[in-house]
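Colleague: This is the structure I want to talk about, given as structure tokens.
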Amino acid sequence: MTSATNGTRSYTLRIWRQSDNASPGALVEYRVEDIDAQMSFLEMLDHLNDTLERKGELPVAFESDCREGICGMCGIVIDGRPHGPVPNLTTCGLRMREFESGATITIEPFRASAFPLVRDLVVDRSSFDRVMQAGGYVSVNCGQAPEANAMPIGKDVAEAAMDSAACIGCGACVASCPNASASLFVGAKIRQFALLPQGQAERTRRARRMVAVMDQEGFGDCSNHGECEAACPKAISIENIAVLRREYLRTLVRR
Amino acid sequence: MNCADPANRYASAALMQTLPFRPWSSIGKKLLNGLTGLLLMLFIAAHLAGNLTLLVGTDAFNAYAEGLHRLGVIVPLAEIGLTALVAAHVLSAVAVYNDRRAARNVRYTMVASKGGSSKQSVFSRSMIVTGGVLLVFLVLHVWQFRFGPSIAEGYVTLLHGEPVRDLYRLVVETFQNPLWVVFYLGVMVLLGFHLRHGFWSAFQSLGLLAPHTRALAFSAGGVVALVIAAGFLLLPIWLFLSADPRAAAGVVMVVP
Ligand code: HEM
Ligand code: FES
């Protein structure tokens, strides 16, 4: 581990510190030394927190769980981009080799009125849960798992539904959107069900309710900047937003 | 995530009933903004095609204008329709802009685009500014030509032996003034900006785009913005450079 790409690095971090939603917050500067190029961004923050705790200071609060890009917990904004500079990657998948040694890195929480700040880099994304509660489910009591081939679904349809279902609910679409809109998230959920037979019974109610709750939670409207698709760790296409609009329009004529 | 959970504030609310379609929901506003934007683009394309008769000459343009006025009751209906289109477009656009400000109560200190497939650009970010300029322009433009001097003020010419409004003279006189020329040129560049994002965005707002058609619509938007802006840029420049300067003084506009 001696080559230039593998050597240890140091960085200046500007991190948003705020003890709770009611208190004022500010960017605070920290130095980190001895960072390995292969460390993940979160390991670098663990390293910082380790040194802070040794000094008797409060560690920086941030969220993570799986650290392998599937749980959607680790969203933060790095140098103005949710999940950092690499398109379609979670923060936990981001490696320090992406940042030149000596660089200054600005780290902020996801910012949206619908994601109130909890502490430092942690925000409350339960507004997503409430959108899901409004219609992101199929309420059929299906008993035991059915026989696999009882309901044939074409491979292209299954793949398309799976592309939408790949959403991990991290909120990067909202964080990256200049309007703080949740249209990509809601679009992905709506399209996933609209494509499959199981989703048909509640199709109309689902579209109307999920849109209603999305608006009630205080997310913005979509201006088609398309930034969400680039920020999404799962590269979910804004085609899902087109489908969301189609599905909503469909409710004009269907019950 | 349980419907019986008291923390689920929507569980027993009216929301659990079947809701109506709401035209003023986030999605409804975009359907409206996209549809009105698309129709306004159609109007603008037709408007440009008609105005190109200015390049042919006095009679061609006045005949075109008179032909439109011969349509009778369709004219006031079209005027009302266009005003309604602009009103619905502006109201939905301003509502989207207001929601945007409310939806992010704390701003980022640093913002950057991820690049990649993002369609974010100076065009997409300036829609409210270019739209605002277009609104001011539209009021001026209609006041200047639709409600400008007509037959009563001496702007009259003979077409096939009949007296008609000499709109050609009004247009030519207007564009003898370099200030009007510069103003129109500036606005038409901003119209190009508005359409660069607006064209493909309207189709996306109406839910019409899949990934392959999106690429096509996005590229076509560049061409449409260029062609419309270039067409409208050509007219004031052409009239300024080619018209007889004495026309501005009314010297050659003696009605036979
Ligand atoms: C000259 C006539 C106009 C034409 C042809 C036109 C065309 C368009 C089109 C095609 C769109 C895209 C619609 C969509 O995103 O779904 C759009 C969006 C927009 N227009 Fe216009 N427009 C015109 C006038 C105006 C005016 C007068 C305003 C004044 C406020 C305005 C403000 C906007 C805004 C803010 C958006 C973006 C909406 C959003 O962020 O979602 N436009 N326009
Ligand atoms: S920690 Fe689970 S996705 Fe990053």
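Residue numbering restarts at 1 in every chain; chains get A, B, ... in the order shown in the structure tokens, and ligands count up from 1 in that same order.
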Please return as a ChimeraX atom specification the residues found within 6 Å of ligand 2, counting only C-alpha atoms and all ligand atoms.
Modeller: /A:64-74,90-92
Colleague: Pull all heavy atoms from the residues just selected and write them as a JSON list (two decimals), in the first residue's frame.
Modeller:
[["chain", "number", "residue", "atom", "x", "y", "z"],
["A", 64, "SER", "N", -26.19, 5.42, 8.72],
["A", 64, "SER", "CA", -25.80, 4.36, 7.79],
["A", 64, "SER", "C", -26.28, 3.05, 8.38],
["A", 64, "SER", "O", -26.55, 2.96, 9.57],
["A", 64, "SER", "CB", -24.28, 4.31, 7.59],
["A", 64, "SER", "OG", -23.66, 3.76, 8.73],
["A", 65, "ASP", "N", -26.41, 2.04, 7.52],
["A", 65, "ASP", "CA", -26.81, 0.74, 8.04],
["A", 65, "ASP", "C", -26.07, -0.34, 7.27],
["A", 65, "ASP", "O", -25.08, -0.89, 7.75],
["A", 65, "ASP", "CB", -28.32, 0.58, 7.95],
["A", 65, "ASP", "CG", -28.81, -0.67, 8.68],
["A", 65, "ASP", "OD1", -27.95, -1.43, 9.18],
["A", 65, "ASP", "OD2", -30.03, -0.90, 8.73],
["A", 66, "CYS", "N", -26.49, -0.62, 6.04],
["A", 66, "CYS", "CA", -25.92, -1.77, 5.33],
["A", 66, "CYS", "C", -24.49, -1.52, 4.87],
["A", 66, "CYS", "O", -23.68, -2.42, 4.79],
["A", 66, "CYS", "CB", -26.79, -2.10, 4.12],
["A", 66, "CYS", "SG", -26.71, -0.87, 2.81],
["A", 67, "ARG", "N", -24.18, -0.30, 4.51],
["A", 67, "ARG", "CA", -22.90, 0.08, 3.92],
["A", 67, "ARG", "C", -22.57, -0.75, 2.67],
["A", 67, "ARG", "O", -21.41, -1.03, 2.37],
["A", 67, "ARG", "CB", -21.77, 0.00, 4.94],
["A", 67, "ARG", "CG", -22.02, 0.94, 6.11],
["A", 67, "ARG", "CD", -20.76, 1.48, 6.72],
["A", 67, "ARG", "NE", -21.09, 2.47, 7.76],
["A", 67, "ARG", "CZ", -20.21, 3.23, 8.37],
["A", 67, "ARG", "NH1", -18.92, 3.12, 8.07],
["A", 67, "ARG", "NH2", -20.58, 4.10, 9.28],
["A", 68, "GLU", "N", -23.61, -1.16, 1.97],
["A", 68, "GLU", "CA", -23.38, -1.82, 0.68],
["A", 68, "GLU", "C", -24.42, -1.40, -0.34],
["A", 68, "GLU", "O", -24.77, -2.15, -1.24],
["A", 68, "GLU", "CB", -23.33, -3.35, 0.85],
["A", 68, "GLU", "CG", -24.58, -3.94, 1.48],
["A", 68, "GLU", "CD", -24.52, -5.46, 1.58],
["A", 68, "GLU", "OE1", -23.45, -6.04, 1.36],
["A", 68, "GLU", "OE2", -25.57, -6.05, 1.87],
["A", 69, "GLY", "N", -24.97, -0.21, -0.18],
["A", 69, "GLY", "CA", -25.81, 0.37, -1.22],
["A", 69, "GLY", "C", -27.19, -0.17, -1.35],
["A", 69, "GLY", "O", -27.81, -0.06, -2.41],
["A", 70, "ILE", "N", -27.76, -0.80, -0.30],
["A", 70, "ILE", "CA", -29.10, -1.33, -0.45],
["A", 70, "ILE", "C", -30.12, -0.79, 0.54],
["A", 70, "ILE", "O", -31.32, -0.90, 0.32],
["A", 70, "ILE", "CB", -29.13, -2.89, -0.39],
["A", 70, "ILE", "CG1", -28.45, -3.39, 0.86],
["A", 70, "ILE", "CG2", -28.53, -3.48, -1.65],
["A", 70, "ILE", "CD1", -28.67, -4.88, 1.09],
["A", 71, "CYS", "N", -29.68, -0.18, 1.65],
["A", 71, "CYS", "CA", -30.67, 0.22, 2.65],
["A", 71, "CYS", "C", -31.16, 1.65, 2.46],
["A", 71, "CYS", "O", -32.26, 2.00, 2.89],
["A", 71, "CYS", "CB", -30.12, 0.03, 4.06],
["A", 71, "CYS", "SG", -28.92, 1.30, 4.54],
["A", 72, "GLY", "N", -30.36, 2.50, 1.83],
["A", 72, "GLY", "CA", -30.78, 3.87, 1.57],
["A", 72, "GLY", "C", -30.67, 4.81, 2.74],
["A", 72, "GLY", "O", -31.28, 5.87, 2.75],
["A", 73, "MET", "N", -29.88, 4.45, 3.76],
["A", 73, "MET", "CA", -29.79, 5.29, 4.96],
["A", 73, "MET", "C", -28.77, 6.42, 4.85],
["A", 73, "MET", "O", -28.86, 7.41, 5.56],
["A", 73, "MET", "CB", -29.38, 4.42, 6.17],
["A", 73, "MET", "CG", -30.40, 3.39, 6.56],
["A", 73, "MET", "SD", -31.90, 4.15, 7.19],
["A", 73, "MET", "CE", -31.36, 4.59, 8.84],
["A", 74, "CYS", "N", -27.75, 6.25, 3.99],
["A", 74, "CYS", "CA", -26.52, 7.02, 4.15],
["A", 74, "CYS", "C", -26.46, 8.33, 3.37],
["A", 74, "CYS", "O", -25.39, 8.89, 3.19],
["A", 74, "CYS", "CB", -25.33, 6.15, 3.76],
["A", 74, "CYS", "SG", -25.44, 5.57, 2.06],
["A", 90, "THR", "N", -24.15, 5.23, -3.94],
["A", 90, "THR", "CA", -24.48, 5.72, -2.59],
["A", 90, "THR", "C", -23.23, 6.24, -1.90],
["A", 90, "THR", "O", -22.11, 5.89, -2.27],
["A", 90, "THR", "CB", -25.06, 4.57, -1.73],
["A", 90, "THR", "OG1", -24.16, 3.47, -1.80],
["A", 90, "THR", "CG2", -26.43, 4.16, -2.22],
["A", 91, "THR", "N", -23.43, 7.04, -0.85],
["A", 91, "THR", "CA", -22.30, 7.58, -0.08],
["A", 91, "THR", "C", -21.44, 6.44, 0.48],
["A", 91, "THR", "O", -20.22, 6.53, 0.49],
["A", 91, "THR", "CB", -22.83, 8.44, 1.09],
["A", 91, "THR", "OG1", -23.72, 9.42, 0.56],
["A", 91, "THR", "CG2", -21.69, 9.13, 1.81],
["A", 92, "CYS", "N", -22.10, 5.35, 0.90],
["A", 92, "CYS", "CA", -21.33, 4.24, 1.48],
["A", 92, "CYS", "C", -20.46, 3.55, 0.43],
["A", 92, "CYS", "O", -19.46, 2.91, 0.78],
["A", 92, "CYS", "CB", -22.24, 3.23, 2.18],
["A", 92, "CYS", "SG", -23.54, 2.55, 1.13]]
Colleague: Got a sec: who's within 9 Å of Tyr108 of chain B, counting only C-alpha atoms, leaving out chain neighbours fewer than 6 positions off, as JSON, numbers by chain?
Modeller: {"A": [77, 80, 108, 109, 110, 111]}
Colleague: Enumerate, as a PyMOL selection string, the complete set of residues in segment 18-62 of chain B that a backbone-based DSSP assignment places in helix (DSSP H, G or I).
Modeller: chain B and resi 26-55+58-62
Colleague: Would you write out, as CSV, a table of all residues in chain B that have an atom no more than 8 Å from an atom of ligand 1, listing for each the closest atom pair and the distance in Å to one decimal, considering only C-alpha atoms and all ligand atoms and ordering rows by chain and rising residue number?
Modeller:
residue,atom,partner,partner_atom_place_in_ligand_line,distance
B:Lys30,CA,ligand 1,16 (O),5.4
B:Leu31,CA,ligand 1,16 (O),6.6
B:Leu32,CA,ligand 1,16 (O),7.6
B:Asn33,CA,ligand 1,16 (O),5.0
B:Gly34,CA,ligand 1,16 (O),3.2
B:Leu35,CA,ligand 1,16 (O),6.9
B:Thr36,CA,ligand 1,9 (C),7.4
B:Gly37,CA,ligand 1,10 (C),3.7
B:Leu38,CA,ligand 1,10 (C),4.8
B:Leu39,CA,ligand 1,5 (C),7.4
B:Leu40,CA,ligand 1,5 (C),4.3
B:Met41,CA,ligand 1,5 (C),4.0
B:Leu42,CA,ligand 1,5 (C),7.6
B:Phe43,CA,ligand 1,5 (C),7.6
B:Ile44,CA,ligand 1,5 (C),6.3
B:Val86,CA,ligand 1,27 (C),6.3
B:His89,CA,ligand 1,42 (N),6.3
B:Val90,CA,ligand 1,30 (C),4.5
B:Leu91,CA,ligand 1,30 (C),7.4
B:Ser92,CA,ligand 1,38 (C),7.4
B:Ala93,CA,ligand 1,35 (C),4.3
B:Val94,CA,ligand 1,35 (C),6.0
B:Val96,CA,ligand 1,41 (O),5.8
B:Tyr97,CA,ligand 1,40 (O),6.3
B:Ser124,CA,ligand 1,40 (O),7.6
B:Ser126,CA,ligand 1,35 (C),7.9
B:Met127,CA,ligand 1,35 (C),4.6
B:Ile128,CA,ligand 1,35 (C),3.7
B:Val129,CA,ligand 1,35 (C),7.3
B:Thr130,CA,ligand 1,32 (C),7.0
B:Gly131,CA,ligand 1,28 (C),3.4
B:Gly132,CA,ligand 1,29 (C),4.3
B:Val133,CA,ligand 1,27 (C),7.1
B:Leu134,CA,ligand 1,27 (C),4.7
B:Leu135,CA,ligand 1,27 (C),3.6
B:Val136,CA,ligand 1,27 (C),7.4
B:Leu138,CA,ligand 1,27 (C),7.2
B:Leu191,CA,ligand 1,1 (C),6.9
B:His194,CA,ligand 1,43 (N),6.2
B:Leu195,CA,ligand 1,10 (C),6.0
B:His197,CA,ligand 1,12 (C),6.8
B:Gly198,CA,ligand 1,12 (C),3.5
B:Phe199,CA,ligand 1,10 (C),4.7
B:Trp200,CA,ligand 1,12 (C),7.3
B:Ser201,CA,ligand 1,15 (O),4.4
B:Ala202,CA,ligand 1,16 (O),3.6
B:Phe203,CA,ligand 1,16 (O),6.8
B:Gln204,CA,ligand 1,16 (O),6.7
B:Ser205,CA,ligand 1,16 (O),4.5
B:Leu206,CA,ligand 1,16 (O),7.1
Colleague: As number ranges by chain, list the residues of segment 38-226 of chain A assigned to strand (DSSP E) by DSSP on the backbone atoms of this structure.
Modeller: A: 77-78, 81-82, 104-108, 117-119, 122-123
Colleague: Could I get the residues of segment 167-237 of chain A with an atom no further than 7 Å from an atom of segment 125-138 of chain A, each paired with its nearest atom pair and that distance in Å to one decimal, using only C-alpha atoms, sorted by chain and residue number, as JSON lines?
Modeller:
{"residue": "A:Lys189", "atom": "CA", "partner": "A:Gly136", "partner_atom": "CA", "distance": 6.3}
{"residue": "A:Gln198", "atom": "CA", "partner": "A:Val138", "partner_atom": "CA", "distance": 6.9}
{"residue": "A:Gly199", "atom": "CA", "partner": "A:Val138", "partner_atom": "CA", "distance": 6.2}
{"residue": "A:Arg206", "atom": "CA", "partner": "A:Gly135", "partner_atom": "CA", "distance": 4.6}
{"residue": "A:Arg209", "atom": "CA", "partner": "A:Ala134", "partner_atom": "CA", "distance": 5.7}
{"residue": "A:Met210", "atom": "CA", "partner": "A:Ala134", "partner_atom": "CA", "distance": 5.4}
{"residue": "A:Val213", "atom": "CA", "partner": "A:Val131", "partner_atom": "CA", "distance": 5.6}
{"residue": "A:Met214", "atom": "CA", "partner": "A:Val131", "partner_atom": "CA", "distance": 5.9}
{"residue": "A:Glu217", "atom": "CA", "partner": "A:Ser127", "partner_atom": "CA", "distance": 6.3}
Colleague: Between atom CA of Gln192 of chain A and atom CA of Leu244 of chain A, what is the distance, to one decimal in Å?
Modeller: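 Going from atom CA of Gln192 of chain A over to atom CA of Leu244 of chain A, I get 10.4 Å.
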Colleague: Compile the contact shell of His212 of chain B as a list in words: residues with an atom at most 12 Å away, counting only C-alpha atoms, same-chain residues fewer than 4 positions apart removed.
Modeller: Ser237, Ile238 and Glu239 of chain A; Leu208, Leu216, Ala217, Phe218 and Ser219 of chain B
Colleague: May I have the residues within 10 Å of Cys222 of chain A as a list in words, using only C-alpha atoms and disregarding those fewer than 4 positions away in the same chain?
Modeller: Cys177, Pro178, Asn179, Ala180, Ser181, Ala182, Ser183, Leu184, Gly226 and Ile241 of chain A; Ser26, Ile27, Lys29, Lys30, Val96, Tyr97, Asp99, Arg100 and Ser205 of chain B
Colleague: Write the residues of the selection above to a file with C-alpha atoms, as a CSV table (one decimal), in the first residue's frame.
Modeller:
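Saved file part03.csv follows:
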chain,number,residue,atom,x,y,z
A,177,CYS,CA,-34.0,18.4,-7.1
A,178,PRO,CA,-33.9,22.2,-7.4
A,179,ASN,CA,-37.6,22.1,-6.4
A,180,ALA,CA,-37.2,19.4,-3.7
A,181,SER,CA,-39.8,17.3,-5.5
A,182,ALA,CA,-40.4,13.7,-4.7
A,183,SER,CA,-41.7,12.9,-8.1
A,184,LEU,CA,-39.1,10.3,-9.0
A,226,GLY,CA,-33.8,15.6,-14.6
A,241,ILE,CA,-42.1,10.6,-13.7
B,26,SER,CA,-48.4,19.0,-8.2
B,27,ILE,CA,-49.0,16.7,-11.1
B,29,LYS,CA,-50.3,21.8,-12.5
B,30,LYS,CA,-47.6,20.3,-14.7
B,96,VAL,CA,-44.7,25.6,-9.4
B,97,TYR,CA,-42.1,28.3,-8.6
B,99,ASP,CA,-44.0,25.6,-4.2
B,100,ARG,CA,-40.3,25.2,-5.0
B,205,SER,CA,-45.0,16.8,-18.4
Colleague: Using only C-alpha atoms, pick whichever of A:Gln38, A:Ser101, A:Thr251, A:Thr106 has the shortest atom-to-atom distance to Trp16 of chain A.
Modeller: A:Thr106
Colleague: Counting only C-alpha atoms, what is within 8 Å of segment 56-70 of chain B, bar same-chain residues fewer than 4 positions away, as a PyMOL selection string?
Modeller: chain B and resi 50-52+75+159+164-169
Colleague: Filtering to N, CA, C and O atoms, could you give me those residues as a tab-separated table (two decimals), in the first residue's frame?
Modeller:
chain	number	residue	atom	x	y	z
B	50	GLY	N	-46.87	33.14	-40.51
B	50	GLY	CA	-47.66	34.24	-41.06
B	50	GLY	C	-46.84	35.50	-41.21
B	50	GLY	O	-46.89	36.19	-42.23
B	51	ASN	N	-46.02	35.79	-40.20
B	51	ASN	CA	-45.23	37.02	-40.22
B	51	ASN	C	-44.16	37.02	-41.30
B	51	ASN	O	-43.66	38.08	-41.67
B	52	LEU	N	-43.79	35.82	-41.76
B	52	LEU	CA	-42.76	35.76	-42.81
B	52	LEU	C	-43.24	36.45	-44.09
B	52	LEU	O	-42.44	36.81	-44.94
B	75	VAL	N	-62.10	35.26	-34.77
B	75	VAL	CA	-61.04	36.14	-34.28
B	75	VAL	C	-61.17	36.43	-32.79
B	75	VAL	O	-60.24	36.15	-32.02
B	159	LEU	N	-56.43	47.66	-50.66
B	159	LEU	CA	-56.12	46.27	-51.01
B	159	LEU	C	-57.26	45.79	-51.90
B	159	LEU	O	-58.41	45.77	-51.46
B	164	VAL	N	-58.14	49.03	-46.16
B	164	VAL	CA	-57.92	48.13	-45.01
B	164	VAL	C	-56.87	48.77	-44.11
B	164	VAL	O	-56.18	49.71	-44.51
B	165	ARG	N	-56.74	48.24	-42.88
B	165	ARG	CA	-55.74	48.76	-41.95
B	165	ARG	C	-54.35	48.49	-42.52
B	165	ARG	O	-54.05	47.37	-42.96
B	166	ASP	N	-53.50	49.53	-42.52
B	166	ASP	CA	-52.13	49.36	-43.02
B	166	ASP	C	-51.20	48.94	-41.88
B	166	ASP	O	-50.42	49.72	-41.36
B	167	LEU	N	-51.33	47.67	-41.51
B	167	LEU	CA	-50.51	47.14	-40.41
B	167	LEU	C	-49.04	47.10	-40.81
B	167	LEU	O	-48.15	47.28	-39.98
B	168	TYR	N	-48.82	46.88	-42.12
B	168	TYR	CA	-47.44	46.82	-42.61
B	168	TYR	C	-46.69	48.09	-42.26
B	168	TYR	O	-45.57	48.05	-41.78
B	169	ARG	N	-47.35	49.24	-42.48
B	169	ARG	CA	-46.71	50.52	-42.20
B	169	ARG	C	-46.36	50.65	-40.72
B	169	ARG	O	-45.28	51.08	-40.35
Colleague: Taking 5 positions as the minimum chain separation for residues in the same chain, which residues sit within 9 Å of Ser118 of chain B when counting only C-alpha atoms? Answer as a compact mmCIF listing (two decimals) with all heavy atoms, in the first residue's frame.
Modeller:
# COMPACT_ATOMS: atom_id res chain seq x y z
N HIS A 225 -36.01 19.09 -14.50
CA HIS A 225 -34.57 19.35 -14.60
C HIS A 225 -33.81 18.03 -14.84
O HIS A 225 -32.69 18.04 -15.33
CB HIS A 225 -34.03 19.99 -13.33
CG HIS A 225 -34.54 21.38 -13.07
ND1 HIS A 225 -34.14 22.46 -13.81
CD2 HIS A 225 -35.40 21.87 -12.16
CE1 HIS A 225 -34.74 23.56 -13.36
NE2 HIS A 225 -35.52 23.21 -12.36
N GLY A 226 -34.41 16.92 -14.40
CA GLY A 226 -33.79 15.61 -14.61
C GLY A 226 -32.56 15.36 -13.76
O GLY A 226 -31.83 14.39 -13.97
N GLU A 227 -32.33 16.21 -12.74
CA GLU A 227 -31.17 16.04 -11.88
C GLU A 227 -31.28 14.76 -11.04
O GLU A 227 -30.28 14.10 -10.74
CB GLU A 227 -31.02 17.26 -10.98
CG GLU A 227 -29.73 17.34 -10.17
CD GLU A 227 -28.48 17.46 -11.03
OE1 GLU A 227 -28.52 18.08 -12.10
OE2 GLU A 227 -27.44 16.91 -10.60
N CYS A 228 -32.53 14.38 -10.69
CA CYS A 228 -32.78 13.22 -9.83
C CYS A 228 -32.24 11.93 -10.45
O CYS A 228 -31.68 11.09 -9.76
CB CYS A 228 -34.27 13.08 -9.55
SG CYS A 228 -35.31 13.13 -11.03
N GLU A 229 -32.43 11.80 -11.78
CA GLU A 229 -31.98 10.57 -12.45
C GLU A 229 -30.47 10.40 -12.32
O GLU A 229 -29.97 9.30 -12.10
CB GLU A 229 -32.39 10.60 -13.92
CG GLU A 229 -32.02 9.36 -14.69
CD GLU A 229 -32.41 9.44 -16.16
OE1 GLU A 229 -33.60 9.63 -16.46
OE2 GLU A 229 -31.51 9.33 -17.01
N ALA A 230 -29.74 11.53 -12.45
CA ALA A 230 -28.28 11.47 -12.33
C ALA A 230 -27.85 11.22 -10.89
O ALA A 230 -26.83 10.59 -10.64
CB ALA A 230 -27.66 12.76 -12.85
N ALA A 231 -28.64 11.72 -9.92
CA ALA A 231 -28.26 11.58 -8.51
C ALA A 231 -28.66 10.22 -7.96
O ALA A 231 -28.08 9.76 -6.97
CB ALA A 231 -28.92 12.68 -7.69
N SER B 113 -24.33 20.22 -10.13
CA SER B 113 -25.04 19.16 -10.86
C SER B 113 -24.17 17.92 -10.90
O SER B 113 -22.95 17.99 -10.91
CB SER B 113 -25.36 19.62 -12.27
OG SER B 113 -25.86 18.53 -13.02
Colleague: What is the distance between atom CA of Arg97 of chain A and atom CA of Gly25 of chain A, in Å to one decimal?
Modeller: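 Atom CA of Arg97 of chain A sits 29.4 Å away from atom CA of Gly25 of chain A.
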Colleague: Using only C-alpha atoms, can you tell me which of B:Leu82, B:Ala88, B:Val122, B:Leu19 comes closest to chain A?
Modeller: B:Leu19
Colleague: To one decimal in Å, tell me the separation between atom CA of Pro59 of chain A and atom CA of Leu45 of chain A.
Modeller: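 Between these atoms lies a distance of 9.3 Å.
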Colleague: Using only C-alpha atoms, which residues sit within 8 Å of Asp20 of chain A once same-chain residues fewer than 2 positions away are excluded, as a list in words?
Modeller: Gln18, Ala22, Ser23, Leu117, Val118, Arg119 and Asp120 of chain A
